Amino acid sequence: MDSDISVVLPLNNIDELFNAPDVNPFSTHEVDILGQSALDCIEKRVTRHWPRKPRAVRVTLQLPADQMAPNLLENTRTAVQRYCANMIEGNRVHRRVVIQRSLRQLAYAGLGSLAALVIIVLLAVNPFGIFIDPIRDVLMMLSALAIGVLTFDAVWSVAFDWLPFVQDNTVYTMMMGMNLAIEPQPEQAG
């Protein structure tokens, strides 16, 4: 069953939504402790649920009262959507490059496998009687192993290298539609 994701992140300023602060393990704010931007923290929480899509992603950013400004929520929503759209487009371009590289690797693996097959056939026929049977068998096995290694890596690359990009784009799409709220940080008793 799909569930909701609710995230409350106290920030020192709105810039921490996009820019990671320095690591500060003595802070009480998650972004400071981890040295990550708030969007990175949100992305990791949404990614934990992948491939299941949550019904809703609710994010509440808590800022110091003096950081609250008119139109801050609308400007922040627009900036988050622009950021996510740019990340999705960047992932699409990068995925295209990775897929082209994987297909090229598969073509090279096919050529290498063909060369190894030719070697196996030549060794099996042994037209000049150059190799004695044990050496010929070892060379044939090594050629067969080369075919397996070349083919496996290339097929694995074609089959799975695109997956992280799809995962990231799904997460960024969900973040574009998240329910964002900005509120003042609660006053600490002291």
# chains A, B, ... in the order shown; residues from 1 in each chain; ligands from 1
call {"tool": "select_by_dssp", "arguments": {"residues": "stretch 1-161 of chain A", "states": "strand (DSSP E)", "output": "PyMOL selection string"}}
result
chain A and resi 5-10+57-63
call {"tool": "residues_around", "arguments": {"residues": "A:Ala20", "least_positions_apart": "2", "cutoff": "8 Å", "atoms": "only C-alpha atoms", "output": "number ranges by chain"}}
result
A: 16-18, 22, 31-32, 35-38
call {"tool": "write_last_selection", "arguments": {"atoms": "C-alpha atoms", "output": "mmCIF file, in the first residue's frame"}}
result
data_model
loop_
_atom_site.group_PDB
_atom_site.id
_atom_site.type_symbol
_atom_site.label_atom_id
_atom_site.label_comp_id
_atom_site.auth_asym_id
_atom_site.auth_seq_id
_atom_site.Cartn_x
_atom_site.Cartn_y
_atom_site.Cartn_z
ATOM 1 C CA GLU A 16 20.158 25.511 2.779
ATOM 2 C CA LEU A 17 17.306 24.131 0.692
ATOM 3 C CA PHE A 18 19.682 24.011 -2.313
ATOM 4 C CA ASP A 22 29.308 22.740 6.395
ATOM 5 C CA VAL A 31 21.115 19.380 7.149
ATOM 6 C CA ASP A 32 23.924 20.701 9.375
ATOM 7 C CA GLY A 35 26.348 18.559 5.582
ATOM 8 C CA GLN A 36 23.671 18.077 2.896
ATOM 9 C CA SER A 37 21.170 20.394 1.304
ATOM 10 C CA ALA A 38 17.549 20.012 2.342
#
call {"tool": "atom_distance", "arguments": {"atom1": "atom CA of A:Val155", "atom2": "atom CA of A:Leu114"}}
result
15.6 Å
call {"tool": "residues_around", "arguments": {"residues": "stretch 65-69 of chain A", "least_positions_apart": "5", "cutoff": "8 Å", "atoms": "only C-alpha atoms", "output": "list of chain:residue names"}}
result
A:Asn13, A:Ile14, A:Glu183, A:Pro184, A:Gln185
call {"tool": "residues_around", "arguments": {"residues": "A:Leu106", "least_positions_apart": "4", "cutoff": "12 Å", "atoms": "only C-alpha atoms", "output": "VMD selection string"}}
result
chain A and resid 99 to 102 110 to 113 147 149 to 159
call {"tool": "write_last_selection", "arguments": {"atoms": "N, CA and C atoms", "output": "compact mmCIF listing (two decimals), in the first residue's frame"}}
result
# COMPACT_ATOMS: atom_id res chain seq x y z
N ILE A 99 23.56 4.99 -22.33
CA ILE A 99 22.99 3.94 -23.19
C ILE A 99 23.80 3.81 -24.48
N GLN A 100 24.21 4.93 -25.06
CA GLN A 100 25.04 4.87 -26.27
C GLN A 100 26.37 4.17 -25.97
N ARG A 101 26.96 4.49 -24.84
CA ARG A 101 28.22 3.85 -24.45
C ARG A 101 28.02 2.35 -24.23
N SER A 102 26.90 1.98 -23.62
CA SER A 102 26.60 0.57 -23.38
C SER A 102 26.40 -0.18 -24.69
N GLY A 110 30.70 -7.96 -29.13
CA GLY A 110 30.35 -8.86 -30.23
C GLY A 110 31.54 -9.12 -31.13
N LEU A 111 32.31 -8.07 -31.44
CA LEU A 111 33.51 -8.25 -32.27
C LEU A 111 34.56 -9.10 -31.55
N GLY A 112 34.75 -8.82 -30.26
CA GLY A 112 35.71 -9.62 -29.48
C GLY A 112 35.29 -11.06 -29.39
N SER A 113 34.00 -11.29 -29.22
CA SER A 113 33.49 -12.67 -29.15
C SER A 113 33.66 -13.37 -30.48
N ILE A 147 34.91 -14.87 -24.16
CA ILE A 147 33.59 -14.60 -24.73
C ILE A 147 32.59 -14.34 -23.61
N VAL A 149 33.08 -13.33 -20.46
CA VAL A 149 33.35 -12.09 -19.73
C VAL A 149 32.95 -10.88 -20.57
N LEU A 150 33.37 -10.86 -21.83
CA LEU A 150 33.02 -9.74 -22.71
C LEU A 150 31.51 -9.58 -22.84
N THR A 151 30.84 -10.67 -23.05
CA THR A 151 29.39 -10.63 -23.29
C THR A 151 28.63 -10.26 -22.02
N PHE A 152 29.01 -10.86 -20.88
CA PHE A 152 28.28 -10.60 -19.65
C PHE A 152 28.33 -9.12 -19.28
N ASP A 153 29.51 -8.54 -19.29
CA ASP A 153 29.65 -7.14 -18.89
C ASP A 153 28.86 -6.22 -19.82
N ALA A 154 28.92 -6.48 -21.12
CA ALA A 154 28.21 -5.63 -22.07
C ALA A 154 26.69 -5.77 -21.91
N VAL A 155 26.21 -6.99 -21.77
CA VAL A 155 24.76 -7.20 -21.61
C VAL A 155 24.28 -6.61 -20.29
N TRP A 156 25.06 -6.77 -19.23
CA TRP A 156 24.70 -6.19 -17.93
C TRP A 156 24.59 -4.68 -18.04
N SER A 157 25.53 -4.07 -18.73
CA SER A 157 25.53 -2.62 -18.90
C SER A 157 24.28 -2.16 -19.65
N VAL A 158 23.96 -2.84 -20.75
CA VAL A 158 22.77 -2.46 -21.53
C VAL A 158 21.50 -2.68 -20.70
N ALA A 159 21.47 -3.74 -19.93
CA ALA A 159 20.26 -4.10 -19.19
C ALA A 159 20.01 -3.21 -17.97
call {"tool": "residues_around", "arguments": {"residues": "A:Ala85", "least_positions_apart": "6", "cutoff": "8 Å", "atoms": "only C-alpha atoms", "output": "PyMOL selection string"}}
result
chain A and resi 172-173+176
call {"tool": "atom_distance", "arguments": {"atom1": "atom CA of A:Asn179", "atom2": "atom CA of A:Ser6"}}
result
9.4 Å
call {"tool": "select_by_dssp", "arguments": {"residues": "stretch 6-187 of chain A", "states": "helix (DSSP H, G or I)", "output": "count of residues only"}}
result
118
